[in-house]
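Structure data (mmCIF, C-alpha atoms) from start-v2.cif:
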data_upload
#
loop_
_atom_site.group_PDB
_atom_site.id
_atom_site.type_symbol
_atom_site.label_atom_id
_atom_site.label_comp_id
_atom_site.auth_asym_id
_atom_site.auth_seq_id
_atom_site.Cartn_x
_atom_site.Cartn_y
_atom_site.Cartn_z
ATOM 1 C CA ARG S 18 127.892 112.267 129.338
ATOM 2 C CA ASP S 19 125.472 110.026 131.170
ATOM 3 C CA GLU S 20 126.281 106.300 131.216
ATOM 4 C CA VAL S 21 123.551 103.699 130.752
ATOM 5 C CA THR S 22 123.992 100.699 133.016
ATOM 6 C CA LEU S 23 122.118 97.479 132.196
ATOM 7 C CA SER S 24 121.591 94.654 134.552
ATOM 8 C CA ARG S 25 122.580 91.111 133.572
ATOM 9 C CA LYS S 26 118.911 90.219 133.157
ATOM 10 C CA GLU S 27 118.255 93.171 130.854
ATOM 11 C CA LEU S 28 121.363 92.428 128.759
ATOM 12 C CA SER S 29 120.326 88.796 128.348
ATOM 13 C CA ALA S 30 116.860 89.854 127.241
ATOM 14 C CA LEU S 31 118.327 92.172 124.582
ATOM 15 C CA VAL S 32 120.574 89.388 123.225
ATOM 16 C CA GLU S 33 117.690 86.904 123.081
ATOM 17 C CA ASP S 34 115.534 89.433 121.262
ATOM 18 C CA ALA S 35 118.275 90.105 118.676
ATOM 19 C CA VAL S 36 118.796 86.386 118.071
ATOM 20 C CA ALA S 37 115.053 85.808 117.663
ATOM 21 C CA LYS S 38 114.810 88.622 115.107
ATOM 22 C CA ALA S 39 117.777 87.216 113.131
ATOM 23 C CA LEU S 40 116.254 83.715 113.083
ATOM 24 C CA GLU S 41 112.910 85.070 111.937
ATOM 25 C CA LYS S 42 114.629 86.976 109.134
ATOM 26 C CA GLU S 43 116.399 83.791 107.974
ATOM 27 C CA ARG S 44 113.117 81.829 108.056
ATOM 28 C CA LYS S 45 111.400 84.411 105.863
ATOM 29 C CA LYS S 46 114.336 84.389 103.458
ATOM 30 C CA GLU S 47 114.229 80.573 103.197
ATOM 31 C CA LYS S 48 110.453 80.654 102.535
ATOM 32 C CA ARG S 49 110.975 83.106 99.669
ATOM 33 C CA SER S 50 113.727 80.856 98.205
ATOM 34 C CA GLN S 51 111.462 77.828 98.408
ATOM 35 C CA LYS S 52 108.697 79.675 96.551
ATOM 36 C CA HIS S 53 111.132 80.689 93.795
ATOM 37 C CA ARG S 54 112.444 77.115 93.418
ATOM 38 C CA ALA S 55 108.922 75.700 93.282
ATOM 39 C CA ALA S 56 107.899 78.214 90.617
ATOM 40 C CA ALA S 57 111.001 77.403 88.525
ATOM 41 C CA ALA S 58 110.378 73.664 88.789
ATOM 42 C CA SER S 59 106.754 74.123 87.751
ATOM 43 C CA ALA S 60 107.742 76.173 84.709
ATOM 44 C CA SER S 61 110.376 73.648 83.611
ATOM 45 C CA SER S 62 107.897 70.781 83.880
ATOM 46 C CA LEU S 63 105.493 72.585 81.554
ATOM 47 C CA VAL S 64 108.123 73.053 78.802
ATOM 48 C CA ALA S 65 110.611 70.193 79.049
ATOM 49 C CA PRO S 66 113.649 70.542 76.768
ATOM 50 C CA ALA S 67 113.890 68.038 73.957
ATOM 51 C CA PRO S 68 116.558 65.387 74.582
ATOM 52 C CA SER S 69 119.793 65.948 72.684
ATOM 53 C CA PRO S 70 120.289 63.520 69.788
ATOM 54 C CA PRO S 71 123.229 61.122 70.185
ATOM 55 C CA LEU S 72 126.437 62.269 68.552
ATOM 56 C CA SER S 73 127.080 60.503 65.253
ATOM 57 C CA SER S 74 129.327 60.948 62.254
ATOM 58 C CA GLY S 75 126.375 60.290 59.948
ATOM 59 C CA LEU S 76 128.000 57.147 58.577
ATOM 60 C CA SER S 77 126.177 53.839 58.492
ATOM 61 C CA ASN S 78 126.892 50.332 57.307
ATOM 62 C CA SER S 79 126.733 49.844 53.568
ATOM 63 C CA PRO S 80 127.029 47.009 51.052
ATOM 64 C CA PHE S 81 130.254 48.731 49.979
ATOM 65 C CA TRP S 82 131.999 49.097 53.356
ATOM 66 C CA SER S 83 131.884 48.104 57.010
ATOM 67 C CA LEU S 84 131.681 50.547 59.915
ATOM 68 C CA ASP S 85 133.896 50.145 62.977
ATOM 69 C CA ALA S 86 133.686 51.946 66.349
ATOM 70 C CA LEU S 87 137.283 52.808 67.291
ATOM 71 C CA THR S 88 139.273 55.006 69.678
ATOM 72 C CA LEU S 89 141.669 57.765 68.577
ATOM 73 C CA LEU S 90 144.496 58.655 70.987
ATOM 74 C CA THR S 91 146.557 61.824 70.441
ATOM 75 C CA PHE S 92 149.320 63.648 72.302
ATOM 76 C CA ASN S 93 151.916 66.325 71.505
ATOM 77 C CA ILE S 94 155.713 66.006 71.795
ATOM 78 C CA ASP S 95 158.215 68.876 71.420
ATOM 79 C CA ASP S 96 161.278 67.575 73.262
ATOM 80 C CA GLN S 97 162.182 64.178 71.797
ATOM 81 C CA THR S 98 164.484 63.227 68.936
ATOM 82 C CA ALA S 99 163.279 61.824 65.638
ATOM 83 C CA GLU S 100 164.857 58.453 66.499
ATOM 84 C CA LEU S 101 162.855 58.171 69.735
ATOM 85 C CA LEU S 102 159.646 59.250 67.999
ATOM 86 C CA ALA S 103 160.135 56.592 65.322
ATOM 87 C CA HIS S 104 160.667 53.971 68.028
ATOM 88 C CA LEU S 105 157.564 55.210 69.846
ATOM 89 C CA CYS S 106 155.374 54.756 66.763
ATOM 90 C CA ALA S 107 156.881 51.318 66.114
ATOM 91 C CA THR S 108 156.110 50.310 69.712
ATOM 92 C CA LEU S 109 152.541 51.565 69.409
ATOM 93 C CA LEU S 110 152.037 49.611 66.177
ATOM 94 C CA ALA S 111 153.414 46.453 67.806
ATOM 95 C CA THR S 112 150.858 46.663 70.633
ATOM 96 C CA ASP S 113 147.839 44.366 70.328
ATOM 97 C CA GLY S 114 144.761 46.239 69.123
ATOM 98 C CA CYS S 115 146.647 49.141 67.501
ATOM 99 C CA LEU S 116 145.446 49.580 63.914
ATOM 100 C CA ASP S 117 147.584 52.546 62.905
ATOM 101 C CA ALA S 118 149.994 55.117 64.352
ATOM 102 C CA TRP S 119 151.403 58.269 62.778
ATOM 103 C CA GLN S 120 153.009 61.670 63.386
ATOM 104 C CA THR S 121 151.751 65.089 62.274
ATOM 105 C CA PRO S 122 153.926 68.257 62.392
ATOM 106 C CA VAL S 123 152.325 70.967 64.583
ATOM 107 C CA LEU S 124 153.242 74.322 66.126
ATOM 108 C CA MET S 125 152.805 74.585 69.890
ATOM 109 C CA LYS S 126 152.720 77.619 72.156
ATOM 110 C CA LYS S 127 155.589 80.084 71.783
ATOM 111 C CA GLY S 128 155.956 78.880 68.181
ATOM 112 C CA ARG S 129 157.704 75.642 69.102
ATOM 113 C CA ALA S 130 157.876 73.014 66.367
ATOM 114 C CA ALA S 131 156.484 69.709 67.572
ATOM 115 C CA VAL S 132 154.661 66.585 66.429
ATOM 116 C CA GLU S 133 151.226 65.274 67.281
ATOM 117 C CA VAL S 134 151.397 61.504 67.734
ATOM 118 C CA SER S 135 148.172 59.670 66.906
ATOM 119 C CA ALA S 136 147.161 56.052 67.419
ATOM 120 C CA LEU S 137 143.989 54.388 66.158
ATOM 121 C CA CYS S 138 142.908 51.330 68.109
ATOM 122 C CA SER S 139 140.033 49.177 69.285
ATOM 123 C CA PRO S 140 138.424 50.592 72.475
ATOM 124 C CA PRO S 141 139.484 47.667 74.742
ATOM 125 C CA SER S 142 143.144 48.139 73.766
ATOM 126 C CA ALA S 143 143.233 51.894 74.500
ATOM 127 C CA PRO S 144 144.569 51.557 78.103
ATOM 128 C CA ALA S 145 147.524 49.465 76.901
ATOM 129 C CA LEU S 146 148.406 52.079 74.257
ATOM 130 C CA VAL S 147 148.133 54.912 76.777
ATOM 131 C CA GLU S 148 150.638 53.044 78.965
ATOM 132 C CA VAL S 149 152.986 52.684 75.971
ATOM 133 C CA ALA S 150 152.707 56.438 75.331
ATOM 134 C CA PHE S 151 153.556 57.342 78.935
ATOM 135 C CA ARG S 152 156.441 54.865 79.174
ATOM 136 C CA ASN S 153 158.043 55.720 75.818
ATOM 137 C CA SER S 154 157.516 59.474 75.503
ATOM 138 C CA THR S 155 157.743 62.681 77.521
ATOM 139 C CA THR S 156 154.037 63.492 77.258
ATOM 140 C CA LEU S 157 152.128 64.185 80.474
ATOM 141 C CA GLY S 158 148.653 63.655 78.988
ATOM 142 C CA VAL S 159 146.923 61.634 76.278
ATOM 143 C CA ARG S 160 143.678 62.739 74.634
ATOM 144 C CA SER S 161 141.060 60.124 73.744
ATOM 145 C CA GLN S 162 137.980 60.321 71.542
ATOM 146 C CA PRO S 163 135.598 57.795 69.988
ATOM 147 C CA VAL S 164 135.634 57.701 66.175
ATOM 148 C CA GLU S 165 133.952 55.734 63.417
ATOM 149 C CA ARG S 166 135.843 54.242 60.475
ATOM 150 C CA ALA S 167 134.374 53.050 57.197
ATOM 151 C CA SER S 168 136.634 50.398 55.679
ATOM 152 C CA LEU S 169 136.588 48.467 52.422
ATOM 153 C CA ARG S 170 136.718 44.688 52.143
ATOM 154 C CA ARG S 171 140.253 43.483 51.457
ATOM 155 C CA THR S 172 141.693 40.307 49.974
ATOM 156 C CA PHE S 173 145.260 39.135 49.472
ATOM 157 C CA VAL S 174 146.593 37.413 46.358
ATOM 158 C CA THR S 175 150.034 36.555 45.009
ATOM 159 C CA ALA S 176 151.487 37.279 41.591
ATOM 160 C CA LYS S 177 154.523 35.706 39.940
ATOM 161 C CA THR S 178 157.034 38.054 38.367
ATOM 162 C CA PRO S 179 159.167 37.424 35.261
ATOM 163 C CA PHE S 180 162.210 37.870 37.504
ATOM 164 C CA ASP S 181 163.111 34.242 38.386
ATOM 165 C CA ASP S 182 159.394 33.549 38.957
ATOM 166 C CA LYS S 183 159.561 35.182 42.368
ATOM 167 C CA GLU S 184 156.164 35.948 43.945
ATOM 168 C CA VAL S 185 154.861 39.206 45.344
ATOM 169 C CA ARG S 186 151.952 39.561 47.748
ATOM 170 C CA VAL S 187 149.223 41.977 46.655
ATOM 171 C CA LYS S 188 146.459 43.640 48.679
ATOM 172 C CA VAL S 189 143.206 44.224 46.785
ATOM 173 C CA ALA S 190 140.448 46.503 48.127
ATOM 174 C CA TRP S 191 136.880 45.928 46.971
ATOM 175 C CA MET S 192 133.858 48.201 46.730
ATOM 176 C CA GLY S 193 131.095 45.741 46.124
ATOM 177 C CA GLU S 194 132.270 43.642 43.168
ATOM 178 C CA ASP S 195 134.672 46.318 41.901
ATOM 179 C CA ALA S 196 138.382 46.253 42.758
ATOM 180 C CA VAL S 197 139.191 49.885 43.545
ATOM 181 C CA SER S 198 142.777 49.451 44.756
ATOM 182 C CA VAL S 199 145.573 47.029 43.845
ATOM 183 C CA LYS S 200 148.598 47.476 46.104
ATOM 184 C CA PRO S 201 151.720 45.256 45.763
ATOM 185 C CA GLU S 202 153.576 44.769 49.045
ATOM 186 C CA PHE S 203 156.535 47.135 48.922
ATOM 187 C CA GLU S 204 159.002 44.930 50.822
ATOM 188 C CA ASP S 205 158.327 42.018 48.427
ATOM 189 C CA CYS S 206 158.835 44.265 45.403
ATOM 190 C CA LYS S 207 162.001 45.678 46.913
ATOM 191 C CA LYS S 208 163.551 42.225 47.406
ATOM 192 C CA VAL S 209 162.694 41.149 43.852
ATOM 193 C CA ALA S 210 164.048 44.405 42.419
ATOM 194 C CA GLU S 211 167.330 44.173 44.332
ATOM 195 C CA ALA S 212 167.841 40.532 43.332
ATOM 196 C CA ALA S 213 167.062 41.232 39.655
ATOM 197 C CA GLY S 214 168.891 44.551 39.453
ATOM 198 C CA VAL S 215 165.836 46.476 38.218
ATOM 199 C CA PRO S 216 164.021 49.524 39.632
ATOM 200 C CA CYS S 217 161.445 48.738 42.313
ATOM 201 C CA LYS S 218 158.854 50.754 40.364
ATOM 202 C CA VAL S 219 159.185 48.335 37.415
ATOM 203 C CA VAL S 220 158.332 45.384 39.672
ATOM 204 C CA GLN S 221 155.380 47.231 41.208
ATOM 205 C CA ASP S 222 153.936 48.201 37.821
ATOM 206 C CA TRP S 223 154.327 44.687 36.391
ATOM 207 C CA VAL S 224 152.650 43.058 39.415
ATOM 208 C CA ARG S 225 149.788 45.557 39.417
ATOM 209 C CA CYS S 226 149.106 44.987 35.707
ATOM 210 C CA GLU S 227 149.272 41.213 36.148
ATOM 211 C CA VAL S 228 146.649 41.229 38.930
ATOM 212 C CA ILE S 229 144.347 43.568 36.983
ATOM 213 C CA LYS S 230 144.577 41.322 33.889
ATOM 214 C CA ARG S 231 143.621 38.307 35.980
ATOM 215 C CA GLY S 232 140.568 40.176 37.241
#
Since I need it in another form, could you write the structure as structure tokens?
Amino acid sequence: RDEVTLSRKELSALVEDAVAKALEKERKKEKRSQKHRAAAASASSLVAPAPSPPLSSGLSNSPFWSLDALTLLTFNIDDQTAELLAHLCATLLATDGCLDAWQTPVLMKKGRAAVEVSALCSPPSAPALVEVAFRNSTTLGVRSQPVERASLRRTFVTAKTPFDDKEVRVKVAWMGEDAVSVKPEFEDCKKVAEAAGVPCKVVQDWVRCEVIKRG
């Protein structure tokens, strides 16, 4: 078979020609892409999508309640004892800005029984509560979401009992001018009941009736 021998000059010319053709191909490709992008931008400017409305729970302030912007923190635990979980919730509740903390039974992957720990707090206090969660539990991540809470106006009164005239603190919740909840403090009722040798429920019922009668 005959061999074709090229000189160095001829070989260089072939390489330069191949490179020039490749560059020209890339330039044409880029021009087509630019035309497509320009056409897409023009079409989107003609029909601009409507802005998404801000997320809202639909609640608003009312003469009957106040509306608070809060933060809800949640995380799952499946490898701690009940004693440690109780201490965790107590530590969360003792942290400044924490409004409530609780546990909810859940089932995790592979059917493992676990609890979801939740903490409701003011937004500025969220970092401190996240630190408490990491230091006092085995969780590796804490979820956070903004929430709104409607809350009733509350007042505190005291009521004397017929048991040695001992007083019990009472929390009253108001909806406008109507008292919709009368809640004697349990620990106060418990102390009075133990000292008087009567059921705690009797003390609670007497105090509740006394506050309702007073209006």
ask   = Using only C-alpha atoms, which of the listed residues (S:Lys183, S:Arg160, S:Arg44, S:Arg129) sits closest to Thr91 of chain S?
value =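 For Thr91 of chain S, the nearest of the candidates is S:Arg160.
Picked out by the PyMOL selection byres ((chain S and resi 175) around 12) when it runs on this file: Thr172, Phe173, Val174, Ala176, Lys177, Thr178, Asp182, Lys183, Glu184, Val185, Arg186, Val187, Lys188, Val189, Val199, Lys200, Pro201, Glu202, Asp205, Cys206, Val224, Arg225, Glu227, Val228 and Arg231 of chain S.
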query = So which residues touch Leu157 of chain S within 12 Å, counting only C-alpha atoms, skipping near sequence neighbours fewer than 2 positions away, as a list in words?
reply =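 With the cut-off at 12 Å, the set is Thr91, Phe92, Asn93, Ile94, Asp95, Val147, Glu148, Ala150, Phe151, Arg152, Asn153, Ser154, Thr155, Val159 and Arg160 of chain S.
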message = Could you tell me how far atom CA of Thr156 of chain S sits from atom CA of Ala118 of chain S, in Å to one decimal place?
response = 15.9 Å
task = Point out the residue among S:Ala131, S:Ala37, S:Leu137, S:Ala213 with the least atom-to-atom distance to Cys115 of chain S, counting all atoms listed in the file.
result =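 Of the candidates, the smallest distance to Cys115 of chain S is held by S:Leu137.
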note = Correct to one decimal, the distance atom CA of Cys217 of chain S-atom CA of Phe203 of chain S is 8.4 Å
task = Carefully work through the PyMOL selection byres ((chain S and resi 104-108) around 8) for this structure and note down the residues it includes, as a list in words.
result = Glu100, Leu101, Leu102, Ala103, Leu109, Leu110, Ala111, Thr112, Ala118, Trp119, Val134, Val149, Ala150, Asn153 and Ser154 of chain S
Interatomic distance (Å, one decimal) between atom CA of Val197 of chain S and atom CA of Leu169 of chain S =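 Value for the atom CA of Val197 of chain S-atom CA of Leu169 of chain S distance: 9.4 Å.
Each of S:Trp191, S:Lys127, S:Ser79, S:Phe180 was checked against Glu211 of chain S using all atoms listed in the file; the smallest atom-to-atom distance is that of S:Phe180.
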ask   = Using the chain letters and numbers from the file, which residues does the PyMOL selection byres ((chain S and resi 161) around 6) grab, as an MDAnalysis selection string?
value = chainID S and resid 89:90 160 162
